[in-house]
$ cat my_file-v6.txt   # compact mmCIF, C-alpha atoms and all ligand atoms
# COMPACT_ATOMS: atom_id res chain seq x y z
CA MET K 1 -37.93 -14.44 13.09
CA ASN K 2 -34.55 -16.07 13.57
CA SER K 3 -32.24 -14.41 16.05
CA PRO K 4 -29.44 -12.49 14.34
CA ARG K 5 -26.20 -14.32 13.61
CA SER K 6 -22.90 -13.39 15.23
CA ILE K 7 -20.21 -13.35 12.60
CA LEU K 8 -16.68 -12.35 13.41
CA HIS K 9 -14.28 -11.37 10.64
CA LEU K 10 -10.61 -11.38 11.50
CA ASP K 11 -7.93 -9.75 9.41
CA ALA K 12 -4.28 -9.77 10.47
CA ASP K 13 -2.56 -6.38 10.37
CA ALA K 14 0.25 -5.96 7.81
CA PHE K 15 0.57 -9.72 7.94
CA TYR K 16 3.86 -10.53 6.15
CA ALA K 17 5.70 -7.61 7.75
CA SER K 18 4.24 -8.37 11.19
CA VAL K 19 5.27 -12.03 10.98
CA GLU K 20 8.84 -10.96 10.15
CA GLN K 21 8.83 -8.62 13.15
CA ALA K 22 7.41 -11.38 15.36
CA ALA K 23 10.07 -13.82 14.18
CA ASP K 24 13.01 -11.44 14.61
CA SER K 25 12.98 -9.08 17.58
CA ARG K 26 15.55 -6.85 15.89
CA LEU K 27 12.90 -5.83 13.37
CA ARG K 28 10.32 -4.81 15.97
CA GLY K 29 9.52 -1.14 16.17
CA LYS K 30 11.45 -0.52 12.93
CA ALA K 31 10.41 0.74 9.55
CA MET K 32 10.70 -2.44 7.52
CA ALA K 33 9.04 -4.09 4.57
CA VAL K 34 8.78 -7.46 2.88
CA GLY K 35 9.69 -7.63 -0.79
CA GLY K 36 11.87 -5.13 -2.46
CA GLU K 37 15.06 -6.28 -4.04
CA THR K 38 14.04 -9.02 -6.43
CA ARG K 39 10.62 -7.87 -7.52
CA GLY K 40 11.37 -4.18 -7.16
CA VAL K 41 8.13 -3.69 -5.31
CA ILE K 42 6.99 -3.66 -1.67
CA SER K 43 4.73 -6.60 -0.73
CA SER K 44 3.92 -5.58 2.82
CA ALA K 45 5.14 -2.69 4.98
CA SER K 46 5.30 -2.48 8.77
CA TYR K 47 3.17 0.17 10.46
CA GLU K 48 6.36 2.08 11.30
CA ALA K 49 7.13 2.24 7.57
CA ARG K 50 3.53 3.10 6.72
CA ALA K 51 3.75 6.08 9.05
CA LEU K 52 6.44 7.40 6.68
CA GLY K 53 4.29 6.82 3.61
CA VAL K 54 5.53 3.40 2.48
CA ARG K 55 2.74 1.31 0.95
CA SER K 56 2.41 -2.12 -0.61
CA ALA K 57 2.71 -2.12 -4.42
CA MET K 58 5.07 0.86 -4.14
CA SER K 59 8.37 0.56 -6.00
CA THR K 60 11.39 -0.12 -3.80
CA THR K 61 13.07 2.98 -5.19
CA GLN K 62 10.21 5.21 -4.13
CA ALA K 63 9.95 3.52 -0.72
CA LYS K 64 13.67 4.07 -0.11
CA ARG K 65 13.30 7.70 -1.08
CA LEU K 66 10.55 8.19 1.51
CA CYS K 67 12.34 6.16 4.12
CA PRO K 68 16.11 5.86 3.54
CA ASN K 69 16.56 3.55 6.55
CA LEU K 70 13.89 1.14 5.41
CA ILE K 71 14.90 -2.45 6.18
CA LEU K 72 13.98 -4.83 3.37
CA VAL K 73 13.39 -8.49 4.09
CA PRO K 74 12.84 -11.09 1.37
CA GLY K 75 9.49 -12.90 1.59
CA ASP K 76 9.49 -16.23 3.43
CA PHE K 77 6.13 -17.67 2.50
CA GLU K 78 6.60 -20.95 4.27
CA LYS K 79 6.88 -18.95 7.48
CA TYR K 80 3.72 -16.98 6.64
CA GLU K 81 1.81 -20.21 5.96
CA ARG K 82 2.98 -21.58 9.32
CA PHE K 83 1.89 -18.46 11.20
CA SER K 84 -1.43 -18.52 9.39
CA ARG K 85 -2.11 -22.10 10.49
CA LEU K 86 -1.24 -21.18 14.09
CA MET K 87 -3.47 -18.11 13.98
CA PHE K 88 -6.45 -20.09 12.71
CA ALA K 89 -5.78 -22.83 15.25
CA TYR K 90 -6.77 -20.29 17.94
CA ALA K 91 -9.94 -19.54 15.97
CA TYR K 92 -10.78 -23.25 15.89
CA ASP K 93 -10.50 -23.29 19.70
CA LEU K 94 -13.62 -21.12 19.71
CA THR K 95 -15.73 -22.78 17.03
CA PRO K 96 -15.45 -25.36 14.26
CA ASP K 97 -17.34 -22.93 12.00
CA VAL K 98 -14.34 -21.11 10.59
CA GLU K 99 -14.09 -20.01 6.97
CA VAL K 100 -10.51 -19.29 6.00
CA CYS K 101 -10.63 -16.82 3.11
CA SER K 102 -6.95 -16.16 2.63
CA ILE K 103 -3.69 -16.52 4.46
CA ASP K 104 -4.61 -13.77 6.91
CA GLU K 105 -8.39 -13.36 6.74
CA GLY K 106 -11.32 -15.45 7.83
CA TYR K 107 -14.81 -15.60 9.29
CA LEU K 108 -15.96 -17.29 12.49
CA ASP K 109 -19.60 -18.08 13.13
CA LEU K 110 -20.06 -17.45 16.85
CA SER K 111 -23.87 -17.70 16.78
CA LYS K 112 -24.03 -21.06 18.49
CA GLN K 113 -21.90 -20.17 21.50
CA GLY K 114 -23.52 -21.33 24.70
CA ASN K 115 -22.00 -19.03 27.27
CA GLY K 116 -20.56 -15.61 27.03
CA HIS K 117 -20.97 -12.85 24.50
CA PRO K 118 -19.27 -13.24 21.10
CA ARG K 119 -17.55 -9.94 21.91
CA ASP K 120 -15.66 -11.64 24.72
CA SER K 121 -14.56 -14.37 22.33
CA ALA K 122 -13.28 -11.76 19.91
CA ILE K 123 -11.32 -9.99 22.63
CA TYR K 124 -9.92 -13.32 23.81
CA LEU K 125 -8.89 -14.29 20.26
CA ALA K 126 -7.00 -11.05 19.67
CA LYS K 127 -5.29 -11.48 23.04
CA VAL K 128 -4.06 -15.06 22.53
CA ILE K 129 -2.85 -14.27 19.04
CA ARG K 130 -1.02 -11.15 20.25
CA GLU K 131 0.55 -12.91 23.22
CA ASN K 132 1.53 -16.14 21.53
CA LEU K 133 2.27 -15.14 17.95
CA LYS K 134 3.29 -11.52 18.55
CA ILE K 135 1.12 -10.26 15.72
CA THR K 136 -2.05 -8.19 15.89
CA ILE K 137 -5.39 -8.67 14.21
CA SER K 138 -8.36 -6.40 13.54
CA GLN K 139 -11.86 -7.72 13.93
CA GLY K 140 -15.43 -6.89 13.03
CA LEU K 141 -18.46 -8.45 14.69
CA ALA K 142 -21.82 -8.20 12.95
CA SER K 143 -24.85 -10.17 11.85
CA THR K 144 -23.58 -10.55 8.26
CA LYS K 145 -20.35 -11.43 6.53
CA PHE K 146 -20.19 -8.18 4.59
CA CYS K 147 -20.70 -5.93 7.62
CA SER K 148 -18.19 -7.85 9.72
CA ALA K 149 -15.57 -7.70 6.96
CA VAL K 150 -16.02 -3.96 6.52
CA ALA K 151 -15.96 -3.44 10.30
CA SER K 152 -12.64 -5.29 10.58
CA LYS K 153 -10.99 -3.01 8.02
CA LEU K 154 -12.22 0.44 9.06
CA LYS K 155 -9.81 1.25 11.87
CA LYS K 156 -6.78 -1.03 11.52
CA PRO K 157 -4.51 -1.95 13.27
CA SER K 158 -5.55 -3.79 16.46
CA SER K 159 -9.14 -2.68 16.14
CA PHE K 160 -12.44 -4.21 17.11
CA ILE K 161 -15.71 -2.82 15.80
CA GLU K 162 -19.10 -4.24 16.64
CA VAL K 163 -22.17 -3.53 14.54
CA ALA K 164 -25.33 -3.98 16.61
CA PRO K 165 -28.04 -6.10 14.96
CA GLY K 166 -30.55 -3.85 13.23
CA THR K 167 -28.01 -1.07 12.59
CA GLU K 168 -26.28 -2.66 9.58
CA ARG K 169 -27.71 -0.23 7.06
CA GLU K 170 -26.88 2.81 9.20
CA PHE K 171 -23.35 1.52 9.73
CA LEU K 172 -22.71 1.15 5.99
CA ALA K 173 -24.55 4.28 4.84
CA PRO K 174 -21.76 6.90 5.19
CA LEU K 175 -19.03 4.74 3.59
CA PRO K 176 -17.86 5.36 0.01
CA SER K 177 -19.50 2.92 -2.39
CA ARG K 178 -16.10 1.40 -3.30
CA TRP K 179 -16.43 -0.56 -0.03
CA LEU K 180 -19.06 -2.72 -1.71
CA PRO K 181 -17.60 -6.08 -2.82
CA GLY K 182 -16.05 -6.27 -6.27
CA ILE K 183 -15.98 -2.53 -6.92
CA GLY K 184 -12.81 -1.72 -8.80
CA LYS K 185 -11.58 1.63 -10.08
CA LYS K 186 -13.70 1.33 -13.24
CA THR K 187 -16.99 0.60 -11.46
CA GLU K 188 -16.20 3.27 -8.91
CA SER K 189 -16.01 5.97 -11.56
CA LEU K 190 -19.13 4.58 -13.24
CA PHE K 191 -20.92 4.84 -9.88
CA ALA K 192 -19.57 8.35 -9.29
CA GLY K 193 -20.94 9.39 -12.70
CA ALA K 194 -24.38 8.25 -11.55
CA GLY K 195 -24.07 10.09 -8.25
CA LEU K 196 -23.54 6.89 -6.29
CA ASN K 197 -20.70 8.10 -4.11
CA LEU K 198 -21.81 6.57 -0.85
CA ILE K 199 -23.31 3.22 0.06
CA SER K 200 -26.43 5.14 1.17
CA ASP K 201 -26.77 6.46 -2.41
CA VAL K 202 -26.85 2.88 -3.67
CA ALA K 203 -29.33 1.86 -0.96
CA GLN K 204 -31.68 4.71 -1.83
CA MET K 205 -31.71 4.16 -5.57
CA PRO K 206 -34.63 2.01 -6.75
CA LEU K 207 -33.36 -1.39 -7.83
CA LYS K 208 -34.75 -1.03 -11.37
CA GLU K 209 -32.74 2.12 -11.88
CA PHE K 210 -29.63 0.66 -10.26
CA GLU K 211 -29.81 -2.32 -12.62
CA ARG K 212 -29.15 -0.01 -15.57
CA ILE K 213 -25.84 0.96 -13.92
CA ALA K 214 -24.65 -2.18 -12.20
CA GLY K 215 -26.14 -4.79 -14.55
CA SER K 216 -26.22 -8.37 -13.34
CA SER K 217 -24.58 -7.62 -9.98
CA ALA K 218 -27.17 -4.93 -9.16
CA SER K 219 -29.42 -7.04 -7.00
CA ALA K 220 -26.61 -8.45 -4.83
CA LEU K 221 -24.94 -5.05 -4.43
CA HIS K 222 -28.25 -3.40 -3.59
CA SER K 223 -28.86 -5.97 -0.86
CA PHE K 224 -25.38 -5.42 0.54
CA ALA K 225 -26.01 -1.66 0.61
CA LEU K 226 -29.21 -2.29 2.59
CA GLY K 227 -27.24 -4.35 5.08
CA ILE K 228 -28.74 -7.63 3.83
CA ASP K 229 -26.33 -10.52 3.30
CA PRO K 230 -27.54 -14.04 4.01
CA ARG K 231 -24.34 -15.75 2.81
CA PRO K 232 -23.44 -18.59 5.19
CA ILE K 233 -20.06 -19.33 6.68
CA ILE K 234 -18.48 -22.14 4.69
CA PRO K 235 -16.17 -24.05 7.01
CA ALA K 236 -12.93 -25.21 5.41
CA SER K 237 -13.20 -28.47 3.58
CA SER K 238 -10.62 -31.11 4.45
CA ALA K 239 -8.35 -30.29 1.54
CA PRO K 240 -7.06 -26.76 1.14
CA LYS K 241 -7.85 -25.07 -2.14
CA SER K 242 -5.78 -26.13 -5.09
CA PHE K 243 -5.94 -26.25 -8.88
CA GLY K 244 -5.16 -29.43 -10.72
CA GLU K 245 -5.47 -31.24 -14.03
CA GLN K 246 -4.54 -34.66 -15.20
CA GLU K 247 -4.46 -36.43 -18.52
CA THR K 248 -4.51 -40.07 -19.49
CA PHE K 249 -2.68 -40.71 -22.76
CA SER K 250 -4.58 -42.60 -25.41
CA SER K 251 -1.55 -44.83 -25.68
CA ASN K 252 1.25 -45.07 -23.14
CA SER K 253 4.14 -42.72 -23.80
CA GLN K 254 7.85 -42.74 -23.24
CA ASP K 255 8.48 -39.55 -25.17
CA GLU K 256 9.83 -37.01 -22.68
CA ILE K 257 9.54 -34.07 -25.05
CA TYR K 258 5.92 -34.83 -25.76
CA ILE K 259 5.13 -35.38 -22.07
CA LEU K 260 6.81 -32.10 -21.12
CA ALA K 261 4.80 -30.25 -23.74
CA VAL K 262 1.60 -31.71 -22.27
CA LEU K 263 2.70 -30.71 -18.76
CA ARG K 264 3.52 -27.17 -19.86
CA SER K 265 0.22 -26.78 -21.57
CA MET K 266 -1.57 -27.98 -18.39
CA THR K 267 0.45 -25.53 -16.30
CA ASP K 268 -0.55 -22.71 -18.67
CA ARG K 269 -4.23 -23.43 -18.10
CA LEU K 270 -3.85 -23.75 -14.33
CA CYS K 271 -2.00 -20.43 -14.11
CA ARG K 272 -4.67 -18.77 -16.18
CA ARG K 273 -7.24 -19.95 -13.64
CA LEU K 274 -5.03 -18.56 -10.86
CA ARG K 275 -4.89 -15.16 -12.53
CA ASP K 276 -8.65 -15.19 -13.12
CA GLU K 277 -9.14 -15.51 -9.37
CA GLY K 278 -6.41 -13.06 -8.38
CA LEU K 279 -4.34 -15.85 -6.86
CA ALA K 280 -0.75 -17.02 -6.98
CA ALA K 281 0.70 -20.43 -6.13
CA ARG K 282 3.91 -21.48 -4.47
CA THR K 283 3.98 -25.24 -4.89
CA LEU K 284 3.68 -27.44 -7.96
CA SER K 285 3.11 -31.17 -7.63
CA LEU K 286 3.62 -33.48 -10.54
CA ARG K 287 2.06 -36.89 -10.63
CA ILE K 288 2.85 -39.70 -13.02
CA ARG K 289 1.24 -43.09 -13.45
CA TYR K 290 3.23 -45.91 -15.04
CA LYS K 291 1.55 -48.32 -17.41
CA ASP K 292 1.42 -50.88 -14.56
CA MET K 293 -0.66 -48.31 -12.60
CA GLU K 294 2.01 -47.41 -10.05
CA ASP K 295 1.70 -43.74 -9.06
CA THR K 296 4.51 -41.39 -8.08
CA MET K 297 4.29 -37.78 -7.02
CA ARG K 298 6.97 -35.12 -6.57
CA SER K 299 6.58 -31.49 -5.47
CA GLU K 300 8.68 -28.40 -5.53
CA SER K 301 8.07 -24.86 -4.30
CA VAL K 302 9.12 -21.46 -5.54
CA GLN K 303 10.20 -18.92 -2.95
CA GLU K 304 7.49 -16.38 -3.68
CA PRO K 305 3.97 -17.25 -4.80
CA THR K 306 3.59 -16.57 -8.52
CA PRO K 307 0.72 -16.48 -11.02
CA HIS K 308 3.07 -17.04 -13.99
CA GLU K 309 3.45 -20.36 -15.78
CA SER K 310 6.96 -19.48 -16.90
CA ASP K 311 8.09 -19.52 -13.24
CA PHE K 312 6.99 -23.15 -13.04
CA TYR K 313 8.42 -24.37 -16.39
CA PRO K 314 11.93 -25.08 -15.04
CA MET K 315 10.38 -27.27 -12.33
CA LEU K 316 8.47 -29.49 -14.72
CA GLN K 317 11.47 -31.19 -16.27
CA LEU K 318 13.19 -31.49 -12.90
CA LEU K 319 10.16 -33.06 -11.25
CA LEU K 320 9.45 -35.33 -14.20
CA ARG K 321 12.99 -36.72 -13.99
CA LYS K 322 12.74 -37.10 -10.21
CA ALA K 323 9.43 -38.93 -10.43
CA TRP K 324 10.07 -41.03 -13.53
CA THR K 325 12.78 -43.37 -12.31
CA ARG K 326 11.73 -46.67 -13.87
CA PRO K 327 12.32 -47.39 -17.56
CA GLU K 328 8.60 -47.83 -18.14
CA SER K 329 6.21 -45.85 -20.27
CA LEU K 330 3.67 -43.54 -18.68
CA ARG K 331 -0.08 -43.80 -18.83
CA LEU K 332 -1.06 -40.59 -17.08
CA VAL K 333 0.44 -37.30 -15.92
CA GLY K 334 -1.04 -34.63 -13.67
CA VAL K 335 -0.12 -31.21 -12.34
CA ARG K 336 -1.48 -29.56 -9.22
CA LEU K 337 -0.82 -26.09 -7.81
CA THR K 338 -1.10 -25.69 -4.03
CA ASN K 339 -0.15 -23.25 -1.29
CA LEU K 340 -2.29 -20.63 -2.93
CA HIS K 341 -1.96 -17.02 -1.87
CA THR K 342 -3.71 -13.84 -2.81
CA ALA K 343 -1.60 -12.48 -5.65
CA LEU K 344 1.15 -10.21 -4.37
CA PRO K 345 0.83 -6.60 -5.35
CA GLU K 346 2.28 -6.03 -8.78
CA PRO K 347 4.16 -2.80 -9.36
CA GLU K 348 2.01 0.22 -10.05
CA LEU K 349 2.14 1.89 -13.43
CA GLY K 350 4.48 4.73 -14.18
CA LEU K 351 7.39 3.53 -12.13
CA THR K 352 11.00 3.82 -13.00
CA GLY K 353 13.64 1.15 -12.84
CA LEU K 354 14.15 -2.03 -14.80
CA PRO K 355 12.83 -4.77 -12.52
CA GLN K 356 9.50 -3.02 -12.13
CA LYS K 357 9.20 -2.49 -15.84
CA SER K 358 9.79 -6.11 -16.72
CA ALA K 359 7.44 -7.38 -13.97
CA MET K 360 4.75 -5.00 -15.19
CA GLU K 361 5.23 -6.03 -18.80
CA ARG K 362 5.04 -9.68 -17.85
CA LEU K 363 1.75 -9.17 -16.06
CA GLN K 364 0.34 -7.12 -18.93
CA LEU K 365 1.41 -9.77 -21.41
CA ALA K 366 -0.24 -12.50 -19.31
CA GLU K 367 -3.43 -10.49 -18.99
CA ALA K 368 -3.49 -9.66 -22.69
CA SER K 369 -3.12 -13.30 -23.71
CA ASP K 370 -5.73 -14.38 -21.14
CA LEU K 371 -8.12 -11.85 -22.67
CA LEU K 372 -7.41 -13.01 -26.22
CA ARG K 373 -7.98 -16.62 -25.22
CA ARG K 374 -11.21 -15.75 -23.46
CA ARG K 375 -12.45 -13.85 -26.48
CA TYR K 376 -11.19 -15.97 -29.36
CA GLY K 377 -10.62 -19.35 -27.80
CA ARG K 378 -7.73 -21.22 -26.32
CA LYS K 379 -5.81 -21.40 -29.59
CA ALA K 380 -5.71 -17.61 -30.05
CA VAL K 381 -2.37 -17.51 -28.26
CA LEU K 382 -0.06 -20.47 -28.57
CA ARG K 383 3.25 -20.98 -26.89
CA GLY K 384 6.11 -22.96 -28.41
CA HIS K 385 5.05 -26.22 -26.81
CA ASP K 386 1.44 -25.76 -27.99
CA LEU K 387 2.65 -25.42 -31.57
CA TRP K 388 4.85 -28.43 -31.13
CA LEU K 389 1.95 -30.49 -29.77
CA ARG K 390 -0.29 -29.41 -32.64
CA LYS K 391 2.29 -30.25 -35.24
CA LYS K 392 2.94 -33.61 -33.69
CA LEU K 393 -0.75 -34.45 -33.53
CA SER K 394 -1.53 -33.33 -37.05
CA SER K 395 1.32 -35.40 -38.41
CA GLY K 396 -0.36 -38.39 -36.82
CA GLU K 397 2.65 -39.58 -34.85
CA GLY K 398 1.26 -38.45 -31.51
CA ASP K 399 1.61 -40.71 -28.54
CA GLY K 400 -1.34 -39.12 -26.89
CA ASN K 401 -4.79 -37.90 -27.68
CA PRO K 402 -5.66 -34.33 -28.62
CA LEU K 403 -4.67 -31.55 -26.26
CA PRO K 404 -6.14 -32.11 -22.84
CA GLY K 405 -9.31 -30.15 -22.28
CA PRO K 406 -9.81 -27.45 -19.71
CA GLY K 407 -9.90 -28.03 -15.95
CA LYS K 408 -11.26 -31.36 -14.85
CA ASN K 409 -10.82 -31.14 -11.12
MG MG Q 501 -4.62 -8.35 6.48
$ encode --input "my_file-v6.txt" --output "structure tokens" --more "lines below"
Ligand SMILES: [Mg+2]
Amino acid sequence: MNSPRSILHLDADAFYASVEQAADSRLRGKAMAVGGETRGVISSASYEARALGVRSAMSTTQAKRLCPNLILVPGDFEKYERFSRLMFAYAYDLTPDVEVCSIDEGYLDLSKQGNGHPRDSAIYLAKVIRENLKITISQGLASTKFCSAVASKLKKPSSFIEVAPGTEREFLAPLPSRWLPGIGKKTESLFAGAGLNLISDVAQMPLKEFERIAGSSASALHSFALGIDPRPIIPASSAPKSFGEQETFSSNSQDEIYILAVLRSMTDRLCRRLRDEGLAARTLSLRIRYKDMEDTMRSESVQEPTPHESDFYPMLQLLLRKAWTRPESLRLVGVRLTNLHTALPEPELGLTGLPQKSAMERLQLAEASDLLRRRYGRKAVLRGHDLWLRKKLSSGEGDGNPLPGPGKN
């Protein structure tokens, strides 16, 4: 039998708030939070604020009520991306086998370390990050990804939990079943109805029976509950994750209105993919290719990562004009979304105050149209530019070919 793997999961504590405290000593030791004024919702709260009941996704109004002296800082996502790169640079000092899962979470495979126990590496990593970046991380060390991720989150902040090989199932057994991956509120109540309150309940149920409750994910979830998880560490590829699409026109175009409509419709599809994966993007890059094959690219970033196409619309025209400087027709255009973040918490339901209400409605509208499109096809919900493109194409005066298809790269 192979010797057990040593997988370390690291998860920064209250990342955005901690970075702000690290970057400004006046915020240290204070109840503070990132977010607030513009979105009307807390993105990340310092542990001092958490002690007073402030939570992410809480409305600013409610947070201020709990903690009248709460200091609110607008999000500076460029700074968070910079800290994240520095944090993972220390991880790469230990091993090249690092899987970065999000801005503040990742796995390290420490199995192949020659000298020293992986535990010592974990302690060292937390120490260098604390001393140099002035932020803390919590870590879990185990033989599987799932166990190490759970272990890193059980006793935050500044925690380290080690799960000895062979004790994975015991370790997971007493935890509520919502700790299993992908268990939302709906599945949780479904599980509760079937008496599956704890992970041990899932582990003990025969797989055949569990399949009737959990459907196609039953087998994976059952394995997780038994402490079995052979998923490998996937070291970061050279290019960070991004979503992009491009379209070659069937005949070169110089029609700005048409080109903008194509760009908007691409952006719609890319944002839908973001929302499907629970992500948000901060940077949009627009690429154009002239008919003589010369390429130009321009990028622009929004201040806060967003999953909404309408936040990117104003950029499209601006970037198109910046990129398209020669009086030549275009052969190809492309849009790419980068600097992806886990979607910021959206306001919880039942809140008062205008900003929250409109943010909530916007998200619900986006989700409703995504659902309609999934169920009835892409044309079930059309925006103004989609209608315009359709009309133009059906009248036969289109510069381009039919609407670009879904994601190509
Ligand atoms: Mg975290």
$ closest_atom_pairs --input "my_file-v6.txt" --of "chain K" --to "ligand MG 501 (chain Q)" --cutoff "7 Å" --atoms "all atoms listed in the file" --output "CSV"
residue,atom,partner,partner_atom,distance
K:Asp11,CA,Q:MG501,MG,4.6
K:Ala12,CA,Q:MG501,MG,4.2
K:Asp13,CA,Q:MG501,MG,4.8
K:Ala14,CA,Q:MG501,MG,5.6
K:Phe15,CA,Q:MG501,MG,5.6
K:Asp104,CA,Q:MG501,MG,5.4
K:Glu105,CA,Q:MG501,MG,6.3
$ closest_residue --input "my_file-v6.txt" --among "K:Ala218, K:Ala366, K:Ala126, K:Met87" --to "Val19 (chain K)" --atoms "only C-alpha atoms"
K:Met87
$ atom_distance --input "my_file-v6.txt" --atom1 "CA of Ile103 (chain K)" --atom2 "CA of Ala151 (chain K)"
18.9 Å
$ atom_distance --input "my_file-v6.txt" --atom1 "CA of Leu108 (chain K)" --atom2 "CA of Phe146 (chain K)"
12.8 Å
$ residues_around --input "my_file-v6.txt" --residues "region 132-137 of chain K" --least-positions-apart "6" --cutoff "12 Å" --atoms "all atoms listed in the file" --output "ChimeraX atom specification"
/K:8-25,28,46-47,80,82-91,104-106,122-126,152-153,155-161
